Every structure is written in structure tokens, then in C-alpha cells.
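Enquirer: Below are the C-alpha cells for one structure; questions will follow.
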Number of protein chains: 2
Amino acid sequence: MTNSAYDKLCERFREINKLQHAITYLSWDQMVMMPPQGAAMRSESVAELAGISHARLTAPEVAAWLSEVDGDEEHQVSIREMKRVWRNASCLPAELVKKQIVVGSACEMGWRTQRGANDWQGFLENFKPVVELSRREAQYRQQASGAATPYEAMLALHCHGDSEQMIDAVFAKLRETLPGLLQQVLDKQGDIAVSEQADYPIENQINLNKEMLDTLGFDFQAGRLDQSMHPFSTGSAGDSRITTRYDQSSFLEALAGTAHEVGHASYESQLPTGLRGLPIGESRNMCIHESQSLLFEKQIFFSKSFMEFFAKGVHRHLPAASHLTDDDLWQLGTRVKAQKIRVEADEVTYPLHVMLRYEIESALINSDIEPEAIPELWNEKMQSYLGVETTGDYTNGCMQDIHWTDGAFGYFPSYTIGAINAAQLFATIKSEHPDWQQRFKTGDIKFVRDWLLENIWSKGCSLESQELMQSATGSQTRAESLIEHLEARYLRAEY
Amino acid sequence: MTNSAYDKLCERFREINKLQHAITYLSWDQMVMMPPQGAAMRSESVAELAGISHARLTAPEVAAWLSEVDGDEEHQVSIREMKRVWRNASCLPAELVKKQIVVGSACEMGWRTQRGANDWQGFLENFKPVVELSRREAQYRQQASGAATPYEAMLALHCHGDSEQMIDAVFAKLRETLPGLLQQVLDKQGDIAVSEQADYPIENQINLNKEMLDTLGFDFQAGRLDQSMHPFSTGSAGDSRITTRYDQSSFLEALAGTAHEVGHASYESQLPTGLRGLPIGESRNMCIHESQSLLFEKQIFFSKSFMEFFAKGVHRHLPAASHLTDDDLWQLGTRVKAQKIRVEADEVTYPLHVMLRYEIESALINSDIEPEAIPELWNEKMQSYLGVETTGDYTNGCMQDIHWTDGAFGYFPSYTIGAINAAQLFATIKSEHPDWQQRFKTGDIKFVRDWLLENIWSKGCSLESQELMQSATGSQTRAESLIEHLEARYLRAEY
């Protein structure tokens, strides 16, 4: 153990962070600003930067420094996180990574037309080698990390700290409860008399979304709101980039999307400044990240009390929405419907869409099933969880998502673990702030931001994800947190 | 001589080009999109990329490869250009470059307030070390390049191929003719009855500028138009980024600026594709670059015949401009006025502003004068060239430009050599296309682009700048080309 090896590691990670900064904003530009013909040169430039960044991280001296710092107790946690990042980057043979890029992009490119053509057989041919290589990747990652299963090793890329065993247990609980709860909600839910459809000029919607960002604590001196095909959030402290997509005939989806992205952006921009550039200073994992976005979207924006406040802004910016009361907006925003498409799913059905994918992808990566088995499993599960028939409809069935096409296995669970974490964190916030609804009615959400800053954002990666949930809420991720939230909102219309 | 050393050089320069691509678009983002608080991280990231790029260019193996390829006749010109780029990057001690950054940014930062405060003495204190270090830089560069004088070595950074001797001769000719010509123009020029001032909504101006870009051959599949404080053009083939600045009470300046930037952007985007990433595939020098922008702005946009066509677009987009005929627009765009500020100068007086700066900066870098002497020289020359009194007014006198504050000596002449080249190139185009005015009246400028593509853009750096002028126009840069243009337009109102 020498201080100087640790210092060298810090310096190296900060250098890599500067390269990642460049990649981040070049990628944002690519998705938001770049004209079509810029694509070829841009990918070459980004690939060059990624190559330099990877070479700096996996250089022999880094491995040497990492063994030198073994036993450095002062920086134990920081070193743990450095090792995690280093291991993820260095455990795969370069040959495998290259093959995956080729095979993955062929599969994704094919999928773009095969999906619309409902061509499962064509897709399957490209998809089989993707699975084959992902299984090899999972084995390498399992060896390096000591994960319990190959799938858990993939999971750790996105949900590090949330084990397959833990997710299995949480999902088992949801499986018991949610299908029945969904039926109750559908039975209870009446028709809505009003319609959202009208003419809402985009310019007005942009101003409305900016007003919401302002209400939710987004700082325009340290961020931007733009438009893109697929809404996303990227950037870092001092420079958050949020995008949304507008539809001239409706406005709620864009607003919800913007609220969602504020959660992601707030987390990234409020990470501990002193640890910037080091792995310990980064956001924890996607289950925590998604909990931040869902907290802003589902717990704040779609609460009755916030909607009571925000309806005034809607009416001010969108004269065509003057027929919609705050209760109408809440009704519209909390409609539940069993249907085929995950990205169109509501709070109640979304976890069922995710569980189905989790069960299939874990079996696939753990070699318990082969890709050929996917459609039948998909149809069975859609029927049993959601009562929805997808047989023969690959387009809106097992071919609907992009994730698997390039081997991004292990990402899906973060959507639902994130939703549970959001409900659990917000339950704690509510219990500490019994006047939360009074505050939301005046547009005051600062106490939520303060709480998240103290309990989540400022922690970076200093705690493992379940330690973080424990310290913030008094318990690890509990499926009940989500169920209680859904029952309160969707059966008892409490908030 | 081995092929493989040349191949390695090509590979290295292409790698560097990918890093430069990243710097280019990150810098564009910084000036056009980035929120204020992103500045600190952005400069760190760009500095890191610049450092990597510099290290790759000046690495010992590059020097070794460059001596290995000595005598390779097949790639002689490509190697000449590689050596030029390499020499420019590697001939300065790192220590000096670091000092220059510190001293230069202190001087520039100080200037931002001192200029407004008319504080020459305060500025002088920061400026003296800048000059001192620039003289040392010039000596190193002279040693490495064998330039005739220290100033010529600085000149070569921007105007490579156009010698101090040549520029002296060209400027001597202008000095004989221009002050007298200016007097004739001022005497002849009557008052204009109409005023441009009215209310022109920015949104309409943006559409008008986009229409002009379209007319001038700008491809929106391979470029963007945005707004920034200071209009500029950057980017590369497939992705040109032009900016302009709008004023709600006038529109001609923004249009002229956009036309100007199209010239720069067209050059950069039409360089030879096969040589992309290599020094031989780059734009020639700033005297040629500026000739392209001035050709689009002064020769095309402000010609009577193009204005006759484009006035229709102005009237369509800007109802408040309906009182301005095409002749009014031409009159407004070709007003001549002797005044203090270079960036506000017209075609006739601009060269005088530049010559004054050239004379002072060359004497300064060649150690013929000291910084203290600047104000008096400035005032004398302003009086003798333009008949304008600047004594005591440093703000609008010798402190008006940013260029010298961080040591950018040798840049100014490119504005005027560029204007001469533009007039000379366009004279050749006109002689080859006697129906040019008929074509301009219908908005057809494609023949100009075709000619420039064949004679300038496609050449990259394969010819030295004066070889390029010779091959394109049949002679080297001649001061008479500009004088003839100015006499035709401003004394005889021919076009």
C-alpha cells in the first residue's frame, strides 16, 4: 500500500472522466443536433475516444496500481469502486467484444425492418449468435466477479448490488399480487368523460415544460431542454441535457417524460463534487437511477396534490386544455390498461411487462432455454400476467424492444426495482413530511430535493445499493412498497 | 524511404483528425448550446483532448517516420504538408507554450474590461509580456521554418505560402491607390433616402437566412444554421455548423454574415474526400479561406444582380421590408464610411484598417518598435489612410481588437489578401461566364460553386497558395484585382 499508487489511480480515472465527458456531449449532439450526413465521421471520432479511454483504463500499470493499493483502508470504498469499473472493462477478450459489436449491430439493423414485417424467423437467425456471444460474455464476467450465475454477472452491469436472488424474491411477491390487483383496478376504473385530444402548439408546450422544469428545481444555468425522437437525459454536474418529444394533439406524455428525465438529471448533477471523476463519485446503479426518475414522474408529477397546483400552468400555457380540471388531468395520467406494449404501459401493468422479460432473459443467459422458445413463453406469460393475447403478433410481442438486439441483457429489471425503490423512498419522505400534499399544492417540492440530496444524491457510490436503501428508508428494497403505493392510488384514489 | 513509414504517418494523422473532430464539435457546443455552468468541465475535457492530440503528433516515432520518408517522391506533397503541420506543433518548448497561455489569457481577460475603460496603461502592462513571448515564439518558428523574418514565421501559421515580401508589395500598391479611391467614393456617394430600420421578427429572419443558405447551395442534410454572440463557421464535410446573430431592427448584417460563413463552410465541406484526415486534404490557408467567404458575401450576395433576385425573398419573409427595392438593398449594402472600427468597415475601407494593423504588428514582432509606440502609430495611420481622428480614444482605436491580446500576430493580413483573392477569383469566373448576371438574377449560383470546387476546394493543400492562385486565375495575388473591383462597383456602379 502506497499513497502514490492511489493518487495515480485517481489521476487516471479523472483523465478517463474527461474523455467520457467528450463522448457524452458528442453523443448528445449526435442525437439532438447533428445533421444526418455527419454520422460516419462522428462514429469514427467517438470510437477513437472510446478506444483511448478503454486503453487507459485497462493499461498494465492500472492493474499494478490496483494490487499495490490492496489493504489501503482509508480509501477502501473508493478502491472497491475502482476495481469494479476496471474489472467490467478488462475482463473480456478484445476479440469477443469486436465480434459482439459486429453481430449486435447486424441484429439491431435487421430488427429495424424485421419488427415491422413481423419476421420472427429472420430475426431469430441474427439473434442466435447474439445470445451465443452474450452467454460467453456472461461466463467471463461471472469468472471475474464471482457472481452466482452467468445472468447475475450481466445484471451487475446495470443493477450492481441487487442480486438475482433478491430480484427473484421481489418479483415472486409481485407475481402473487399484481395480476389480481390489476383485475381489481380494471373492474373499478370507470370511463373518463373528457378527452385530452386537442390542438396544443409545440411552442406553448415547450414553455409549459420549461415551467415544470423550473418548478421541479431544474437550473437552466446548468442545463438545457431540447427535443429528440426518443426522450433521454444525459450530461453531468453543471450541464444537464434533457430531451423530450412533443405531440401537437396531446401534452401529458411529453410532460411526464420531462418530469421523468428531471429525476435522472437531478441525480447526475448533484453527485458529490469532491469525488468528481472517481468511480466512488458516480451514480449508484440503474435501479437507483430509475427510482429517481420515477419518483419525479410518478410520485410527484402524477400526485393529485401536485396536479392541483400544476393544472394552473397547463391552463395558462395551453388554452385548448381549459376544459380539463386538475382531477381530469389526474384521471388521464393514471389510466390503467392491459395491452401489449411495454413503453405504453402504466404504473400497474409495467412491472408485469418487466417480469416477463426478466424471466425469459435470465433463463436465456443461464442456458435454461434457447432463443427458439421465446415466442411461446412470451405468449403464455402475457396471457397469464396481463390477460393479453400476443400469439402470432411478434411485432407487438417479443420483438417490440431494442434491448436484446445488441445483447443488453440484465437491464430490464432496473425499471421495476426502480419503481419499487421510488415508492419506498417516497413513502419515507411522506412519513417525514406529513404536510407533503399541502406543499405540493403550492408547487413546493424543495423538501423532496433536499431529502434526496441528503439521502441519495450526495452518497455517490459510497454505499452499495441495498445499503443505500437501508440507510435511506430503514429497509432493503421491498415489493410491498410498490404494492402499497398502487393500492393507495389505484384502488383507494388517495393521492 | 519505406511505404510503411508513410502508412504509419497517414494512420497517425487520421487518428489526430478524429480527436480534432471531437474538439471542433465540443467547441461549437460550448459557443452555441452549452449552459454557463458547463464551462469549467468543458475546458478541462477539451484541454485533455488537445493534450492527447499534441502528444500523438509530437511523439518521437513521428519524427522518425518523417525522416524515413525523406525522398519518397510519390507522396512528396503529402509529406511536405505533414512536415509543415508537425513542425508548427513541435518547434516550441512546452515551457514557452504554457507561459503564453497564462500570460495571454490574463491579457485577454484584462482587455475585456480595460477596453471599455479606455485604459491603455493597464492594458500595456499585460500586453508587454505577451509581445515578449510572441517574439520568442517567432524566433523559434523562424529557426524551424527558415522564414525570412520572425514576423514571417508567425504569418506562416495563418497565411502559409504568402510571404511577407509579397504582402508588403501588395499592400504598397493598395497604399498608393486606396486612400485616393476612398475620397472619390465618398465624394460621389449621395445620401440614401430609405432606412433599413423597422421591426423584423427573428423567426422570419431565420427563415429568410435559411432560404438564402439554400440558394447559395448549403445542404441542410449536411449542416445547420444556429445563433451565437459572434457569427462563425466550423465543422467538416457532412456536418457544417454556421452561426449568425440577429438584430430585430435590421436584417442585412445577419444576411451578409450568413453569406460570408457559407463561403467558409462550403470550402471545408468540399475538400477532397479521399485525402480526409491528412494535412494535404485540408484547406490551404486563411488567405484562401477568407477569399471563399468574401466571394460569397461581397461578390455574390452584394452584387446588383443577385440582390435583384433575392429582394423577392426578403419581401416574402419580411413584410416590414417591403418599402426597400432591390436597388435600395444594394445601396444599403454598399455604403462606404470612414470610421474607427474594423469590424464595421465596408469593402473600400477594410483594407486600410488591415494594412495599419499589419504594419504595426510586423514591426512589433520584428522588434523594430516597442508596444509603447502603438497608440501614436495608430493615430497617425488612421489619419493618413482614413482621415479619422483616434487620438486618446483607445477603446475605438488600438484596443478594439481581441487578436493581439493572446498573441495571435500574423492573422490580420489574411482578411485583405482574402478580399483580393476573392475579387481575382471572381473576375476569372465572370470572364468564363459572361452571362453571370443573367444567372444571378434567377438565383443560379451553381456555376460559381462548380468552378470553385474544380479550381479551389478539390485541391486541398496539394498546391501552395500562390500556385493555387496562379492555376486558378492565371496570376498570383494582384492588388489590382481588388482595386478594379472597387472602382467598378463603387465609382461606376457596374454590379
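Each chain in the C-alpha cells gets a letter, A, B and so on, in the order shown; residues start at 1 in every chain, and ligands are counted from 1 in the order they appear.
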Give the helix (DSSP H, G or I) residues of region 194-389 of chain B, as DSSP finds them on the backbone, and put them as a PyMOL selection string.
Expert: chain B and resi 202-215+220-222+252-269+273-275+279-281+286-301+304-317+319-321+326-333+342-344+350-365+371-386
Enquirer: Keeping C-alpha atoms for every residue in the selection just given, could you write it to a file as a tab-separated table (two decimals), in the first residue's frame?
Expert:
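File produced: selection14.tsv:
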chain	number	residue	atom	x	y	z
B	202	ILE	CA	-36.29	36.95	-35.53
B	203	GLU	CA	-38.30	33.88	-36.56
B	204	ASN	CA	-38.87	35.40	-40.01
B	205	GLN	CA	-35.23	36.38	-40.29
B	206	ILE	CA	-34.18	32.80	-39.52
B	207	ASN	CA	-36.38	31.53	-42.34
B	208	LEU	CA	-35.00	34.19	-44.69
B	209	ASN	CA	-31.43	33.22	-43.81
B	210	LYS	CA	-32.25	29.56	-44.37
B	211	GLU	CA	-33.70	30.39	-47.76
B	212	MET	CA	-30.51	32.21	-48.64
B	213	LEU	CA	-28.38	29.28	-47.48
B	214	ASP	CA	-30.44	27.07	-49.72
B	215	THR	CA	-29.97	29.44	-52.68
B	220	PHE	CA	-29.17	21.07	-44.59
B	221	GLN	CA	-28.65	17.30	-44.65
B	222	ALA	CA	-25.00	18.13	-44.04
B	252	LEU	CA	-28.86	42.98	-43.80
B	253	GLU	CA	-25.94	42.44	-41.45
B	254	ALA	CA	-27.19	38.99	-40.42
B	255	LEU	CA	-27.74	38.05	-44.07
B	256	ALA	CA	-24.27	39.25	-45.04
B	257	GLY	CA	-22.78	37.33	-42.14
B	258	THR	CA	-24.58	34.16	-43.14
B	259	ALA	CA	-23.47	34.53	-46.79
B	260	HIS	CA	-19.91	35.02	-45.52
B	261	GLU	CA	-19.99	31.87	-43.41
B	262	VAL	CA	-21.40	29.80	-46.28
B	263	GLY	CA	-18.19	30.51	-48.15
B	264	HIS	CA	-16.09	29.15	-45.28
B	265	ALA	CA	-18.41	26.18	-44.80
B	266	SER	CA	-18.51	25.30	-48.50
B	267	TYR	CA	-14.73	25.19	-48.67
B	268	GLU	CA	-14.39	22.94	-45.62
B	269	SER	CA	-17.18	20.63	-46.72
B	273	THR	CA	-12.79	13.15	-49.59
B	274	GLY	CA	-10.04	10.69	-50.42
B	275	LEU	CA	-7.46	12.77	-48.54
B	279	PRO	CA	-2.71	17.51	-43.94
B	280	ILE	CA	-2.73	17.52	-47.77
B	281	GLY	CA	-6.52	17.19	-47.63
B	286	MET	CA	-6.57	31.71	-44.21
B	287	CYS	CA	-5.94	33.96	-47.24
B	288	ILE	CA	-7.68	31.37	-49.41
B	289	HIS	CA	-10.30	30.61	-46.76
B	290	GLU	CA	-11.21	34.26	-46.39
B	291	SER	CA	-11.37	34.59	-50.17
B	292	GLN	CA	-14.14	31.98	-50.20
B	293	SER	CA	-16.22	33.71	-47.55
B	294	LEU	CA	-15.71	37.14	-49.12
B	295	LEU	CA	-16.54	35.79	-52.55
B	296	PHE	CA	-19.91	34.58	-51.26
B	297	GLU	CA	-20.56	37.73	-49.24
B	298	LYS	CA	-19.17	40.55	-51.36
B	299	GLN	CA	-19.03	39.18	-54.89
B	300	ILE	CA	-22.25	37.16	-54.91
B	301	PHE	CA	-24.59	38.40	-52.19
B	304	LYS	CA	-26.79	44.03	-58.02
B	305	SER	CA	-27.95	41.01	-59.99
B	306	PHE	CA	-28.14	38.63	-57.03
B	307	MET	CA	-29.87	41.33	-54.97
B	308	GLU	CA	-32.44	41.73	-57.74
B	309	PHE	CA	-33.27	38.05	-57.29
B	310	PHE	CA	-33.02	37.91	-53.54
B	311	ALA	CA	-35.10	41.04	-52.81
B	312	LYS	CA	-38.13	38.85	-53.58
B	313	GLY	CA	-37.17	36.52	-50.75
B	314	VAL	CA	-36.65	39.49	-48.44
B	315	HIS	CA	-40.12	40.83	-49.24
B	316	ARG	CA	-41.70	37.39	-48.82
B	317	HIS	CA	-40.21	36.79	-45.36
B	319	PRO	CA	-43.24	42.36	-44.75
B	320	ALA	CA	-41.68	45.32	-42.92
B	321	ALA	CA	-39.00	45.47	-45.65
B	326	ASP	CA	-33.56	45.69	-54.73
B	327	ASP	CA	-31.65	48.83	-55.58
B	328	ASP	CA	-32.26	50.20	-52.07
B	329	LEU	CA	-30.87	46.97	-50.63
B	330	TRP	CA	-27.82	47.22	-52.85
B	331	GLN	CA	-27.31	50.87	-51.88
B	332	LEU	CA	-27.60	49.99	-48.19
B	333	GLY	CA	-25.23	47.05	-48.56
B	342	ARG	CA	-12.58	47.49	-38.37
B	343	VAL	CA	-15.45	45.04	-37.92
B	344	GLU	CA	-17.92	47.70	-39.04
B	350	TYR	CA	-11.48	47.50	-44.64
B	351	PRO	CA	-8.08	47.02	-46.34
B	352	LEU	CA	-6.88	50.28	-44.82
B	353	HIS	CA	-7.78	49.07	-41.32
B	354	VAL	CA	-5.90	45.85	-42.02
B	355	MET	CA	-2.79	47.47	-43.51
B	356	LEU	CA	-2.44	49.68	-40.46
B	357	ARG	CA	-2.50	46.61	-38.19
B	358	TYR	CA	-0.13	44.69	-40.44
B	359	GLU	CA	2.41	47.47	-40.41
B	360	ILE	CA	2.28	47.77	-36.65
B	361	GLU	CA	2.33	44.06	-35.81
B	362	SER	CA	5.14	43.19	-38.23
B	363	ALA	CA	7.30	45.98	-36.78
B	364	LEU	CA	6.41	44.77	-33.29
B	365	ILE	CA	7.34	41.14	-33.86
B	371	PRO	CA	4.46	48.25	-27.60
B	372	GLU	CA	4.58	51.76	-26.12
B	373	ALA	CA	4.76	53.18	-29.65
B	374	ILE	CA	1.47	51.67	-30.80
B	375	PRO	CA	-1.04	54.44	-29.98
B	376	GLU	CA	0.89	57.16	-31.78
B	377	LEU	CA	1.47	54.99	-34.85
B	378	TRP	CA	-2.20	54.02	-34.80
B	379	ASN	CA	-3.40	57.60	-34.71
B	380	GLU	CA	-1.04	58.72	-37.47
B	381	LYS	CA	-2.03	55.91	-39.79
B	382	MET	CA	-5.77	56.29	-39.12
B	383	GLN	CA	-5.37	59.94	-40.02
B	384	SER	CA	-3.32	59.34	-43.13
B	385	TYR	CA	-5.24	56.32	-44.51
B	386	LEU	CA	-8.79	57.12	-43.45
Enquirer: Between chain B and chain A, at 12 Å or less, what are the per-residue closest atom pairs and their distances in Å? Count only C-alpha atoms, order by chain and rising residue number, and return it as a Markdown table.
Expert:
| residue | atom | partner | partner_atom | distance |
| --- | --- | --- | --- | --- |
| B:Arg12 | CA | A:Glu48 | CA | 11.8 |
| B:Arg14 | CA | A:Ser45 | CA | 10.1 |
| B:Glu15 | CA | A:Glu48 | CA | 7.3 |
| B:Ile16 | CA | A:Glu48 | CA | 9.5 |
| B:Asn17 | CA | A:Ser45 | CA | 8.3 |
| B:Lys18 | CA | A:Ser45 | CA | 4.6 |
| B:Leu19 | CA | A:Ser45 | CA | 6.5 |
| B:Gln20 | CA | A:Ser45 | CA | 8.6 |
| B:His21 | CA | A:Ser45 | CA | 6.5 |
| B:Ala22 | CA | A:Ser45 | CA | 6.4 |
| B:Ile23 | CA | A:Ala22 | CA | 8.3 |
| B:Thr24 | CA | A:Leu26 | CA | 10.2 |
| B:Tyr25 | CA | A:Leu26 | CA | 7.2 |
| B:Leu26 | CA | A:Leu26 | CA | 6.9 |
| B:Ser27 | CA | A:Ala22 | CA | 10.5 |
| B:Trp28 | CA | A:Asp29 | CA | 10.2 |
| B:Asp29 | CA | A:Asp29 | CA | 8.0 |
| B:Gln30 | CA | A:Tyr25 | CA | 10.1 |
| B:Val32 | CA | A:Met33 | CA | 11.1 |
| B:Met33 | CA | A:Arg224 | CA | 8.2 |
| B:Met34 | CA | A:Asp239 | CA | 7.1 |
| B:Pro35 | CA | A:Ala222 | CA | 5.4 |
| B:Pro36 | CA | A:Gln221 | CA | 5.6 |
| B:Gln37 | CA | A:Gly238 | CA | 4.7 |
| B:Gly38 | CA | A:Gly238 | CA | 4.7 |
| B:Ala39 | CA | A:Gly238 | CA | 8.0 |
| B:Ala40 | CA | A:Gly238 | CA | 8.5 |
| B:Met41 | CA | A:Lys18 | CA | 7.9 |
| B:Arg42 | CA | A:His21 | CA | 7.7 |
| B:Ser43 | CA | A:Lys18 | CA | 9.6 |
| B:Glu44 | CA | A:Lys18 | CA | 6.8 |
| B:Ser45 | CA | A:Lys18 | CA | 4.6 |
| B:Val46 | CA | A:Ala22 | CA | 7.6 |
| B:Ala47 | CA | A:Lys18 | CA | 9.0 |
| B:Glu48 | CA | A:Lys18 | CA | 6.8 |
| B:Leu49 | CA | A:Leu19 | CA | 7.4 |
| B:Ala50 | CA | A:Leu19 | CA | 11.1 |
| B:Gly51 | CA | A:Glu15 | CA | 11.1 |
| B:Ile52 | CA | A:Ile52 | CA | 9.5 |
| B:Ser53 | CA | A:Leu49 | CA | 11.1 |
| B:Arg56 | CA | A:Ile52 | CA | 11.8 |
| B:Asp219 | CA | A:Pro35 | CA | 9.5 |
| B:Phe220 | CA | A:Pro35 | CA | 7.0 |
| B:Gln221 | CA | A:Pro35 | CA | 5.4 |
| B:Ala222 | CA | A:Gln37 | CA | 5.0 |
| B:Gly223 | CA | A:Pro35 | CA | 5.6 |
| B:Arg224 | CA | A:Pro35 | CA | 6.9 |
| B:Leu225 | CA | A:Met33 | CA | 10.5 |
| B:Asp226 | CA | A:Met33 | CA | 10.3 |
| B:Gly235 | CA | A:Gly38 | CA | 9.5 |
| B:Ser236 | CA | A:Gly38 | CA | 8.5 |
| B:Ala237 | CA | A:Gly38 | CA | 7.7 |
| B:Gly238 | CA | A:Gln37 | CA | 4.7 |
| B:Asp239 | CA | A:Gly38 | CA | 4.8 |
| B:Ser240 | CA | A:Gly38 | CA | 8.6 |
| B:Arg241 | CA | A:Met34 | CA | 9.2 |
| B:Ser269 | CA | A:Gly38 | CA | 10.9 |
| B:Thr273 | CA | A:Met41 | CA | 11.7 |
| B:Arg276 | CA | A:Met41 | CA | 10.3 |
| B:Gly277 | CA | A:Met41 | CA | 10.4 |
Enquirer: Could you jot down the CA of Leu92 (chain A) to CA of Val62 (chain A) separation for me, Å, one decimal place?
Expert: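 CA of Val62 (chain A) lies at a distance of 16.1 Å from CA of Leu92 (chain A).
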Enquirer: Fewer than 2 positions away in the same chain doesn't count, so skip those; otherwise give me all residues within 6 Å of region 463-466 of chain B, counting only C-alpha atoms, as an MDAnalysis selection string.
Expert: chainID B and resid 161 461 468:470 476
Enquirer: Do you have the CA of Thr244 (chain B)-CA of Phe412 (chain B) distance handy?
Expert: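 One can read the CA of Thr244 (chain B) to CA of Phe412 (chain B) distance as 21.5 Å.
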Enquirer: I'd like the interatomic distance between CA of Glu125 (chain B) and CA of Ala138 (chain B), to a tenth of an Å.
Expert: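 Atom-to-atom, CA of Glu125 (chain B) and CA of Ala138 (chain B) are spaced 20.8 Å apart.
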Enquirer: For region 453-455 of chain A, find every residue with an atom within 10 Å (counting only C-alpha atoms), except residues of its own chain fewer than 4 positions away, and show them as number ranges by chain.
Expert: A: 266-267, 270-272, 425, 447-449, 459, 468-469, 471-473
Enquirer: Select, from A:Ser105, A:Met31, A:Ala422, A:Arg478, the residue with the minimum atom-to-atom distance to Leu452 (chain A), counting only C-alpha atoms.
Expert: A:Ala422
Enquirer: Within 12 Å of Asp187 (chain A), counting only C-alpha atoms, which residues show up once you throw out same-chain ones fewer than 6 positions away? Write them as a list of chain:residue names, please.
Expert: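 Answer for this query is A:Gly180, A:Leu181, A:Val336, A:Lys337, A:Ala338, A:Tyr490, A:Leu491.
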Enquirer: Take the residues from that selection and put them in a file with N, CA and C atoms, as a PDB file, in the first residue's frame.
Expert:
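Contents of the output file selection_22.pdb:
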ATOM      1  N   GLY A 180     -53.826  -9.994  -9.768  1.00  0.00           N
ATOM      2  CA  GLY A 180     -55.109  -9.815  -9.084  1.00  0.00           C
ATOM      3  C   GLY A 180     -55.435  -8.344  -8.886  1.00  0.00           C
ATOM      4  N   LEU A 181     -54.424  -7.589  -8.463  1.00  0.00           N
ATOM      5  CA  LEU A 181     -54.604  -6.150  -8.245  1.00  0.00           C
ATOM      6  C   LEU A 181     -55.020  -5.477  -9.559  1.00  0.00           C
ATOM      7  N   VAL A 336     -55.315   2.939 -16.359  1.00  0.00           N
ATOM      8  CA  VAL A 336     -54.675   1.619 -16.403  1.00  0.00           C
ATOM      9  C   VAL A 336     -55.283   0.806 -17.541  1.00  0.00           C
ATOM     10  N   LYS A 337     -54.413   0.134 -18.288  1.00  0.00           N
ATOM     11  CA  LYS A 337     -54.904  -0.650 -19.421  1.00  0.00           C
ATOM     12  C   LYS A 337     -53.970  -1.825 -19.669  1.00  0.00           C
ATOM     13  N   ALA A 338     -54.548  -3.013 -19.778  1.00  0.00           N
ATOM     14  CA  ALA A 338     -53.734  -4.176 -20.124  1.00  0.00           C
ATOM     15  C   ALA A 338     -53.581  -4.189 -21.637  1.00  0.00           C
ATOM     16  N   TYR A 490     -54.530   3.463  -6.853  1.00  0.00           N
ATOM     17  CA  TYR A 490     -55.420   2.926  -7.896  1.00  0.00           C
ATOM     18  C   TYR A 490     -56.675   2.245  -7.348  1.00  0.00           C
ATOM     19  N   LEU A 491     -56.638   1.813  -6.081  1.00  0.00           N
ATOM     20  CA  LEU A 491     -57.874   1.231  -5.523  1.00  0.00           C
ATOM     21  C   LEU A 491     -58.589   2.240  -4.638  1.00  0.00           C
TER      22      LEU A 491
END
